[in-house]
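Enquirer: Provided herewith: input_5.txt, compact mmCIF, C-alpha atoms.
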```
# COMPACT_ATOMS: atom_id res chain seq x y z
CA MET A 1 93.02 140.78 82.92
CA SER A 2 94.30 142.47 86.06
CA GLN A 3 97.25 144.73 85.35
CA LEU A 4 99.07 143.26 88.34
CA GLY A 5 101.21 140.45 86.99
CA ALA A 6 99.99 140.97 83.43
CA HIS A 7 103.29 139.82 81.93
CA MET A 8 103.43 136.77 84.18
CA GLU A 9 99.92 135.81 83.14
CA GLU A 10 100.68 136.16 79.44
CA GLU A 11 103.86 134.13 79.82
CA LEU A 12 102.49 131.33 81.95
CA VAL A 13 99.50 130.69 79.66
CA SER A 14 101.81 130.45 76.65
CA GLN A 15 103.79 127.55 78.11
CA PRO A 16 102.20 124.62 76.25
CA ASP A 17 102.79 126.23 72.84
CA VAL A 18 106.35 127.18 73.71
CA TRP A 19 107.15 123.69 75.05
CA GLU A 20 105.93 122.24 71.78
CA ARG A 21 108.38 124.43 69.89
CA ALA A 22 111.28 123.52 72.18
CA ALA A 23 110.52 119.79 72.01
CA ALA A 24 110.89 119.96 68.23
CA MET A 25 114.42 121.43 68.37
CA SER A 26 116.17 118.16 67.49
CA PRO A 27 119.39 119.69 66.04
CA GLU A 28 119.89 121.75 69.21
CA GLN A 29 119.13 118.75 71.42
CA ALA A 30 121.97 116.92 69.67
CA LEU A 31 124.38 119.56 71.08
CA LEU A 32 123.86 118.26 74.61
CA PRO A 33 126.42 115.85 76.07
CA ALA A 34 126.16 112.31 74.71
CA ALA A 35 125.31 109.27 76.78
CA GLY A 36 128.17 108.22 79.04
CA ARG A 37 129.62 111.72 79.40
CA ARG A 38 130.13 113.09 82.91
CA VAL A 39 128.16 116.30 83.15
CA ALA A 40 127.75 119.22 85.56
CA VAL A 41 124.65 121.39 85.21
CA ILE A 42 124.66 124.87 86.75
CA GLY A 43 122.30 127.79 87.19
CA CYS A 44 121.09 130.34 89.73
CA GLY A 45 117.70 130.47 91.40
CA THR A 46 115.04 129.00 89.15
CA SER A 47 117.64 127.84 86.64
CA TRP A 48 119.41 125.90 89.41
CA PHE A 49 116.20 124.04 90.18
CA MET A 50 115.74 123.19 86.50
CA ALA A 51 119.35 121.96 86.54
CA GLN A 52 118.46 119.69 89.46
CA ALA A 53 115.49 118.25 87.57
CA TYR A 54 117.52 117.60 84.41
CA ALA A 55 120.43 116.09 86.32
CA ALA A 56 118.19 113.63 88.14
CA ALA A 57 116.32 112.71 84.95
CA ARG A 58 119.51 112.20 82.92
CA GLU A 59 121.23 110.06 85.51
CA THR A 60 118.09 108.03 86.23
CA ALA A 61 117.83 107.36 82.49
CA GLY A 62 121.27 105.74 82.68
CA LEU A 63 122.99 108.35 80.50
CA GLY A 64 125.87 109.05 82.84
CA VAL A 65 126.95 110.86 86.00
CA THR A 66 125.11 114.19 86.14
CA ASP A 67 125.54 116.67 89.00
CA ALA A 68 123.61 119.90 89.53
CA PHE A 69 125.12 122.91 91.28
CA ALA A 70 124.20 126.46 92.16
CA ALA A 71 126.66 128.38 89.99
CA SER A 72 128.13 130.10 93.05
CA GLU A 73 128.82 126.75 94.76
CA SER A 74 129.84 124.58 91.83
CA PHE A 75 132.76 122.16 91.79
CA LEU A 76 133.66 122.37 88.12
CA THR A 77 137.27 121.40 88.78
CA ARG A 78 136.11 117.79 88.97
CA ASP A 79 136.62 115.56 85.96
CA TYR A 80 133.56 116.56 83.94
CA ASP A 81 133.35 116.09 80.19
CA ALA A 82 130.95 119.01 79.83
CA VAL A 83 129.14 121.75 81.71
CA VAL A 84 125.56 122.63 80.84
CA ALA A 85 124.69 126.16 82.00
CA ILE A 86 121.14 127.52 82.16
CA THR A 87 120.42 131.24 82.35
CA ARG A 88 117.46 133.30 81.23
CA SER A 89 119.20 136.67 81.19
CA GLY A 90 122.71 135.65 80.13
CA THR A 91 124.08 138.29 82.52
CA THR A 92 124.05 136.58 85.93
CA THR A 93 127.42 137.21 87.56
CA GLU A 94 127.86 133.84 89.27
CA VAL A 95 127.18 131.91 86.05
CA LEU A 96 129.61 134.03 84.05
CA GLU A 97 132.31 133.64 86.71
CA ALA A 98 131.89 129.87 86.92
CA LEU A 99 132.11 129.44 83.16
CA SER A 100 135.04 131.81 82.77
CA ALA A 101 137.00 129.62 85.19
CA VAL A 102 136.60 126.48 83.03
CA ARG A 103 136.42 127.92 79.53
CA GLY A 104 138.93 126.24 77.23
CA ARG A 105 139.32 123.31 79.61
CA THR A 106 135.79 121.84 79.75
CA ARG A 107 133.19 121.94 76.99
CA ILE A 108 130.37 124.36 77.77
CA VAL A 109 126.82 124.00 76.46
CA GLY A 110 124.75 127.10 77.17
CA ILE A 111 120.96 127.43 77.33
CA VAL A 112 119.88 131.07 77.30
CA GLY A 113 116.81 133.23 76.84
CA ASP A 114 118.60 136.37 75.63
CA PRO A 115 121.23 135.52 73.00
CA GLU A 116 122.57 139.09 72.89
CA THR A 117 124.48 138.81 76.16
CA PRO A 118 128.01 138.09 77.48
CA PHE A 119 127.03 134.48 78.18
CA VAL A 120 127.06 133.67 74.48
CA GLY A 121 130.80 134.26 74.17
CA LEU A 122 131.54 131.71 76.88
CA ALA A 123 129.61 128.78 75.41
CA ASP A 124 131.17 126.31 72.99
CA ASP A 125 127.67 125.32 71.87
CA LEU A 126 124.62 127.50 72.34
CA VAL A 127 120.92 126.70 72.64
CA ALA A 128 119.01 129.97 72.30
CA LEU A 129 115.39 130.10 73.46
CA PRO A 130 114.49 133.76 72.80
CA PHE A 131 110.88 132.77 72.10
CA ALA A 132 110.69 131.66 75.76
CA ASP A 133 112.24 134.81 77.24
CA GLU A 134 110.12 136.92 79.56
CA ARG A 135 109.35 140.45 80.70
CA SER A 136 108.17 139.44 84.18
CA VAL A 137 110.84 139.19 86.84
CA VAL A 138 109.14 136.03 88.15
CA GLN A 139 110.14 133.20 85.82
CA THR A 140 107.62 130.75 84.47
CA ARG A 141 107.94 130.19 80.72
CA PHE A 142 111.70 130.21 80.26
CA ALA A 143 112.37 127.77 83.09
CA THR A 144 109.76 125.23 82.08
CA THR A 145 110.68 125.52 78.41
CA ALA A 146 114.34 124.88 79.16
CA LEU A 147 113.32 121.78 81.10
CA ALA A 148 110.92 120.67 78.36
CA PHE A 149 113.80 120.99 75.88
CA LEU A 150 116.09 118.98 78.16
CA ARG A 151 113.49 116.28 78.79
CA ALA A 152 112.93 115.95 75.05
CA SER A 153 116.69 115.54 74.58
CA LEU A 154 116.48 112.48 76.86
CA GLY A 155 113.95 110.88 74.55
CA MET A 156 110.90 111.74 76.63
CA ASP A 157 107.65 112.24 74.72
CA LEU A 158 106.15 115.56 75.87
CA THR A 159 102.84 115.18 74.05
CA GLY A 160 101.02 114.26 77.26
CA ALA A 161 102.68 117.00 79.29
CA ILE A 162 101.70 119.62 76.72
CA ALA A 163 98.09 118.41 76.65
CA ASP A 164 97.97 118.37 80.45
CA ALA A 165 99.31 121.92 80.64
CA ARG A 166 96.65 123.16 78.25
CA ALA A 167 93.98 121.48 80.35
CA VAL A 168 95.09 122.94 83.70
CA LEU A 169 95.12 126.46 82.26
CA THR A 170 91.33 126.44 82.04
CA GLU A 171 90.54 124.83 85.41
CA PRO A 172 88.94 126.92 88.18
CA LEU A 173 91.23 127.64 91.13
CA GLU A 174 90.10 126.60 94.59
CA ASP A 175 90.15 129.23 97.31
CA GLU A 176 91.61 126.68 99.73
CA LEU A 177 94.72 126.45 97.52
CA VAL A 178 95.04 130.17 96.86
CA ASP A 179 94.44 131.41 100.40
CA ALA A 180 96.33 128.81 102.45
CA GLU A 181 98.41 130.00 105.41
CA GLN A 182 101.50 127.99 104.45
CA TYR A 183 102.75 125.68 101.66
CA THR A 184 105.17 122.77 101.66
CA PHE A 185 106.20 121.34 98.27
CA VAL A 186 107.70 117.89 97.90
CA GLY A 187 108.88 115.66 95.06
CA SER A 188 111.10 112.70 94.28
CA GLY A 189 113.69 112.06 91.59
CA TRP A 190 113.53 114.76 88.93
CA THR A 191 110.51 116.39 90.59
CA VAL A 192 112.50 117.46 93.67
CA GLY A 193 113.71 120.36 91.52
CA LEU A 194 110.09 121.19 90.69
CA ALA A 195 109.22 121.26 94.39
CA HIS A 196 112.03 123.71 95.12
CA GLU A 197 110.97 125.82 92.15
CA ALA A 198 107.32 125.86 93.25
CA ALA A 199 108.32 127.11 96.68
CA LEU A 200 110.46 129.84 95.14
CA LYS A 201 107.62 130.94 92.84
CA MET A 202 105.26 131.41 95.77
CA ARG A 203 107.85 133.33 97.78
CA GLU A 204 108.75 135.63 94.90
CA SER A 205 105.28 136.35 93.61
CA SER A 206 103.27 136.62 96.84
CA GLN A 207 105.77 136.78 99.74
CA SER A 208 104.32 133.52 101.02
CA TRP A 209 105.64 131.17 103.70
CA THR A 210 106.83 128.14 101.73
CA GLU A 211 109.17 125.20 102.23
CA SER A 212 110.34 122.37 99.95
CA TYR A 213 111.88 118.95 100.46
CA PRO A 214 112.40 115.54 98.88
CA ALA A 215 109.15 113.69 99.52
CA LYS A 216 110.61 111.00 101.78
CA GLU A 217 112.33 113.66 103.90
CA TYR A 218 108.99 115.28 104.71
CA ARG A 219 108.31 112.97 107.65
CA HIS A 220 111.82 113.53 109.04
CA GLY A 221 110.84 116.80 110.69
CA PRO A 222 109.09 119.08 108.15
CA ILE A 223 105.69 117.44 108.77
CA ALA A 224 105.74 119.22 112.14
CA ILE A 225 104.67 122.40 110.33
CA SER A 226 101.57 120.80 108.78
CA ALA A 227 98.23 121.90 110.21
CA PRO A 228 94.69 122.84 109.17
CA GLY A 229 94.70 125.71 106.69
CA ARG A 230 98.06 124.68 105.25
CA VAL A 231 98.93 122.78 102.07
CA THR A 232 101.40 120.03 101.26
CA TRP A 233 101.72 119.78 97.47
CA LEU A 234 103.38 116.74 95.93
CA PHE A 235 104.85 116.59 92.42
CA GLY A 236 105.17 113.11 90.93
CA ILE A 237 104.86 109.77 92.68
CA ALA A 238 103.69 109.65 96.29
CA PRO A 239 105.69 107.61 98.80
CA GLU A 240 103.54 105.02 100.55
CA GLY A 241 101.59 106.47 103.45
CA LEU A 242 102.54 110.10 102.83
CA ALA A 243 99.04 111.21 101.89
CA GLU A 244 97.51 109.59 104.96
CA ASP A 245 100.15 110.96 107.32
CA THR A 246 99.72 114.46 105.93
CA ARG A 247 95.93 114.43 106.10
CA ALA A 248 96.13 113.25 109.72
CA THR A 249 97.67 116.64 110.57
CA GLY A 250 94.65 118.46 109.16
CA ALA A 251 96.65 119.91 106.25
CA ARG A 252 95.48 119.58 102.66
CA PHE A 253 97.42 117.01 100.66
CA GLU A 254 97.47 118.27 97.07
CA HIS A 255 98.46 115.64 94.52
CA ARG A 256 97.47 115.17 90.90
CA PRO A 257 99.10 111.90 89.78
CA SER A 258 97.05 111.86 86.58
CA ILE A 259 98.95 114.77 85.03
CA ASP A 260 102.59 115.31 84.11
CA PRO A 261 104.49 117.00 86.98
CA LEU A 262 105.64 119.83 84.70
CA ALA A 263 102.00 120.59 83.90
CA ASP A 264 101.29 120.51 87.63
CA LEU A 265 103.90 123.25 87.99
CA VAL A 266 101.85 125.33 85.54
CA ARG A 267 98.88 124.85 87.86
CA LEU A 268 101.03 126.14 90.71
CA HIS A 269 102.01 129.15 88.60
CA ARG A 270 98.33 130.05 88.32
CA VAL A 271 97.88 129.72 92.09
CA ALA A 272 100.93 131.92 92.70
CA LEU A 273 99.68 134.63 90.37
CA GLU A 274 96.18 134.66 91.81
CA ARG A 275 97.53 134.74 95.37
CA SER A 276 99.77 137.69 94.53
CA ARG A 277 96.83 139.59 93.05
CA ARG A 278 94.62 138.96 96.07
CA ARG A 279 97.37 140.48 98.19
CA GLY A 280 97.69 143.51 95.92
CA LEU A 281 101.17 142.49 94.78
CA ASP A 282 102.72 142.75 91.31
CA ALA A 283 104.44 139.48 90.36
CA ASP A 284 106.10 141.26 87.44
CA ALA A 285 108.05 143.44 89.87
CA PRO A 286 108.40 141.53 93.17
CA ARG A 287 109.90 143.09 96.26
CA ASN A 288 113.73 143.22 96.41
CA LEU A 289 114.18 141.34 93.12
CA THR A 290 115.44 142.18 89.63
CA ARG A 291 115.46 140.23 86.39
CA SER A 292 119.15 139.37 86.78
CA VAL A 293 121.61 139.45 89.67
CA ILE A 294 124.67 141.41 88.54
CA LEU A 295 127.22 141.73 91.31
CA PRO A 296 129.92 144.42 91.64
```
Rewrite the structure of this file - the entire thing - as structure tokens.

Expert:
Amino acid sequence: MSQLGAHMEEELVSQPDVWERAAAMSPEQALLPAAGRRVAVIGCGTSWFMAQAYAAARETAGLGVTDAFAASESFLTRDYDAVVAITRSGTTTEVLEALSAVRGRTRIVGIVGDPETPFVGLADDLVALPFADERSVVQTRFATTALAFLRASLGMDLTGAIADARAVLTEPLEDELVDAEQYTFVGSGWTVGLAHEAALKMRESSQSWTESYPAKEYRHGPIAISAPGRVTWLFGIAPEGLAEDTRATGARFEHRPSIDPLADLVRLHRVALERSRRRGLDADAPRNLTRSVILP
């Protein structure tokens, strides 16, 4: 194992086992807002994108109005029955500020990696995932485990996703994917959040040029960037004609409809790590980033 990104590698390969543990947390899943409740879901960075995925999945399942916000731009003064907050570190300033403003007025359900943090005192109900916490600055395991937990709470069977994730961990990586000039990630419904997260992972770990959009927005301008040597990677269901239109540009259209989109994100994690190593970068300590953003 290369020492560059050693923590990230250890954490990303552990994902299937950790998802299995989170999916079995039925008592904790019962703490989440019941069907029909109006819910806001907040987070920062990766946690915001997981909030987007959960919000779309919950509302699509018919369980009630569910909005996702970046913690710094949240509208929690609206008439929500509960706020679900996701944070790996439990110390992110914007999350703590947003929750402090509504504590005692709106029920708060917290999902955290480190339960020994100020975040714990703000939550009315806490879901602690310390077994998914990480040493690498670049998140993989905590984010996907939080989403696996949330998907399970919606009644989704994760057996297939877990099996798919185990399978992609042993696949060879293609040089065309690892060494591409540019990446655009797209998704629809709950996988839009995965697309945004995939783009962030590649930026953080390897300083790569990446973009992300809802899949049907791709042809409303972003397709102009597609060209030979570049990759458009789709999570989930492909809109009609998107594959053909992308390939016509000369770009690679990467789509694995046979596997669960969350497992496909694990495949992207492997690409991100390998790309960072080929560039001599350490994904455990990426440029200009820290584990948690704590503002003055």

Enquirer: Compile a residue-level contact table for range 147-170 of chain A against range 15-22 of chain A at a cut-off of 9 Å, reporting for every qualifying residue the shortest atom pair and its distance in Å to one decimal, with all atoms listed in the file counted, rows ordered by chain and ascending number, as CSV.

Expert:
```
residue,atom,partner,partner_atom,distance
A:Leu147,CA,A:Trp19,CA,8.8
A:Ala148,CA,A:Trp19,CA,5.9
A:Phe149,CA,A:Ala22,CA,5.1
A:Leu150,CA,A:Ala22,CA,8.9
A:Ala152,CA,A:Ala22,CA,8.3
A:Leu158,CA,A:Glu20,CA,7.8
A:Thr159,CA,A:Glu20,CA,8.0
A:Ala161,CA,A:Pro16,CA,8.2
A:Ile162,CA,A:Pro16,CA,5.0
A:Ala163,CA,A:Pro16,CA,7.5
A:Asp164,CA,A:Pro16,CA,8.6
A:Ala165,CA,A:Pro16,CA,5.9
A:Arg166,CA,A:Pro16,CA,6.1
```

Enquirer: In the coordinates of the file, take the point (107.3, 107.2, 92.6) and a cut-off of 10 Å; then, counting all atoms listed in the file, name each qualifying protein, DNA or RNA residue as a list in words.

Expert: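 Collected hits near the coordinates: Gly187, Ser188, Gly189, Thr191, Ala215, Phe235, Gly236, Ile237, Ala238, Pro239, Glu240 and Pro257 of chain A.
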
Enquirer: Which residue gives the smallest distance to Thr290 in chain A among A:Val137, A:Val109, A:Leu122, A:Ala30, with only C-alpha atoms counted?

Expert: A:Val137

Enquirer: Given only C-alpha atoms as the basis, pick out the residue of A:Arg247, A:Arg38, A:Arg151, A:Arg78 nearest to Trp190 in chain A.

Expert: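 Of A:Arg247, A:Arg38, A:Arg151, A:Arg78, the one nearest Trp190 in chain A is A:Arg151, counting only C-alpha atoms.
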
Enquirer: For Glu174 in chain A, please output as a list in words all residues within 12 Å (counting only C-alpha atoms; exclusion window: fewer than 3 positions along the same chain).

Expert: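 Counting only the stated atoms, we get Glu171, Leu177, Val178, Asp179, Ala180, Arg252, Glu254, Arg267, Leu268, Arg270, Val271, Glu274 and Arg275 of chain A.
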
Enquirer: Need to verify the contact set: Phe253 in chain A, 8 Å, only C-alpha atoms, exclusion of same-chain residues closer than 6 positions in sequence. Can you return it as JSON, numbers by chain?

Expert: {"A": [231, 232, 233, 234, 243, 246, 247]}

Enquirer: Could you give me, as a PyMOL selection string, the residues that have an atom at most 9 Å away from the point (114.0, 133.5, 77.5) in the coordinates of the file, using all atoms listed in the file?

Expert: chain A and resi 87-89+112-115+128-135+141-143+145-146

Enquirer: Could you list, as an MDAnalysis selection string, every residue within 7 Å of Val41 in chain A, counting only C-alpha atoms and ignoring same-chain residues fewer than 3 positions away?

Expert: chainID A and resid 51 55 67:69 83:85

Enquirer: For Thr46 in chain A, list every protein, DNA or RNA residue within 10 Å, evaluated using all atoms listed in the file, and leave out those in the same chain fewer than 5 positions away; present the list as a list in words.

Expert: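 In the requested form, the answer reads Ala51, Gln52, Ala70, Ile86, Thr87, Arg88, Val138, Gln139, Thr140, Phe142, Ala143, Thr144, Gly193, Leu194, His196, Glu197, Ala198, Leu200 and Lys201 of chain A.
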
Enquirer: As an exercise, work out the distance from CA of Glu94 in chain A to CA of Trp48 in chain A in Å and give it to one decimal place.

Expert: 11.6 Å

Enquirer: Expressed in Å to a single decimal, how great is the separation between CA of Thr106 in chain A and CA of Ser47 in chain A?

Expert: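 Distance between the two atoms: 20.3 Å.
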
Enquirer: Within 8 Å of range 278-283 of chain A, counting only C-alpha atoms, which residues show up once you throw out same-chain ones fewer than 6 positions away? Write them as a list in words, please.

Expert: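 Non-adjacent residues within range: Leu4, Gly5, Met8, Ser136, Val137, Val138, Glu204, Ser205 and Ser206 of chain A.
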
Enquirer: If I only want range 233-244 of chain A, can you write it with all heavy atoms, as a short mmCIF file (atom, residue, chain, number, x, y, z; two decimals), in the first residue's frame?

Expert:
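Full text of result_18.cif as output:
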```
data_model
loop_
_atom_site.label_atom_id
_atom_site.label_comp_id
_atom_site.auth_asym_id
_atom_site.auth_seq_id
_atom_site.Cartn_x
_atom_site.Cartn_y
_atom_site.Cartn_z
N TRP A 233 -19.62 11.09 -16.13
CA TRP A 233 -19.92 9.92 -15.28
C TRP A 233 -21.32 10.11 -14.71
O TRP A 233 -21.60 11.08 -14.01
CB TRP A 233 -18.88 9.85 -14.17
CG TRP A 233 -18.89 8.63 -13.30
CD1 TRP A 233 -19.96 8.01 -12.74
CD2 TRP A 233 -17.73 7.90 -12.86
NE1 TRP A 233 -19.57 6.94 -11.97
CE2 TRP A 233 -18.21 6.85 -12.03
CE3 TRP A 233 -16.36 8.04 -13.06
CZ2 TRP A 233 -17.34 5.94 -11.41
CZ3 TRP A 233 -15.51 7.14 -12.44
CH2 TRP A 233 -15.99 6.10 -11.65
N LEU A 234 -22.19 9.16 -15.03
CA LEU A 234 -23.58 9.24 -14.59
C LEU A 234 -23.86 8.27 -13.46
O LEU A 234 -23.52 7.09 -13.53
CB LEU A 234 -24.52 8.91 -15.76
CG LEU A 234 -26.00 8.74 -15.40
CD1 LEU A 234 -26.63 10.08 -15.04
CD2 LEU A 234 -26.76 8.09 -16.54
N PHE A 235 -24.50 8.77 -12.40
CA PHE A 235 -24.99 7.93 -11.30
C PHE A 235 -26.50 7.74 -11.48
O PHE A 235 -27.24 8.71 -11.60
CB PHE A 235 -24.72 8.58 -9.95
CG PHE A 235 -23.26 8.71 -9.62
CD1 PHE A 235 -22.56 9.87 -9.93
CD2 PHE A 235 -22.58 7.67 -9.00
CE1 PHE A 235 -21.21 9.98 -9.63
CE2 PHE A 235 -21.23 7.77 -8.69
CZ PHE A 235 -20.55 8.93 -9.01
N GLY A 236 -26.95 6.48 -11.48
CA GLY A 236 -28.38 6.22 -11.55
C GLY A 236 -28.89 6.06 -12.96
O GLY A 236 -28.19 5.60 -13.86
N ILE A 237 -30.12 6.47 -13.18
CA ILE A 237 -30.82 6.24 -14.44
C ILE A 237 -30.43 7.29 -15.47
O ILE A 237 -30.41 8.49 -15.18
CB ILE A 237 -32.34 6.24 -14.21
CG1 ILE A 237 -32.73 5.13 -13.24
CG2 ILE A 237 -33.09 6.09 -15.53
CD1 ILE A 237 -34.17 5.17 -12.79
N ALA A 238 -30.17 6.83 -16.70
CA ALA A 238 -29.76 7.75 -17.76
C ALA A 238 -30.97 8.33 -18.48
O ALA A 238 -31.85 7.59 -18.93
CB ALA A 238 -28.88 7.02 -18.77
N PRO A 239 -31.05 9.65 -18.61
CA PRO A 239 -32.09 10.25 -19.46
C PRO A 239 -31.92 9.77 -20.90
O PRO A 239 -30.79 9.55 -21.37
CB PRO A 239 -31.82 11.75 -19.33
CG PRO A 239 -31.04 11.90 -18.07
CD PRO A 239 -30.21 10.67 -17.96
N GLU A 240 -33.02 9.67 -21.61
CA GLU A 240 -32.98 9.18 -22.98
C GLU A 240 -32.08 10.06 -23.85
O GLU A 240 -32.18 11.28 -23.84
CB GLU A 240 -34.39 9.16 -23.57
CG GLU A 240 -34.47 8.57 -24.97
CD GLU A 240 -35.89 8.47 -25.48
OE1 GLU A 240 -36.82 8.76 -24.69
OE2 GLU A 240 -36.07 8.10 -26.65
N GLY A 241 -31.19 9.42 -24.56
CA GLY A 241 -30.32 10.11 -25.50
C GLY A 241 -29.06 10.71 -24.92
O GLY A 241 -28.19 11.17 -25.66
N LEU A 242 -28.93 10.70 -23.60
CA LEU A 242 -27.77 11.36 -22.99
C LEU A 242 -26.46 10.65 -23.35
O LEU A 242 -25.46 11.30 -23.65
CB LEU A 242 -27.93 11.43 -21.47
CG LEU A 242 -26.84 12.21 -20.73
CD1 LEU A 242 -26.85 13.67 -21.14
CD2 LEU A 242 -27.00 12.09 -19.22
N ALA A 243 -26.47 9.35 -23.31
CA ALA A 243 -25.26 8.59 -23.64
C ALA A 243 -24.81 8.89 -25.07
O ALA A 243 -23.62 9.15 -25.32
CB ALA A 243 -25.51 7.10 -23.45
N GLU A 244 -25.76 8.85 -25.99
CA GLU A 244 -25.42 9.09 -27.39
C GLU A 244 -24.91 10.51 -27.61
O GLU A 244 -23.93 10.73 -28.33
CB GLU A 244 -26.65 8.83 -28.26
CG GLU A 244 -27.12 7.38 -28.31
CD GLU A 244 -27.89 6.96 -27.07
OE1 GLU A 244 -28.23 7.83 -26.22
OE2 GLU A 244 -28.18 5.75 -26.94
#
```
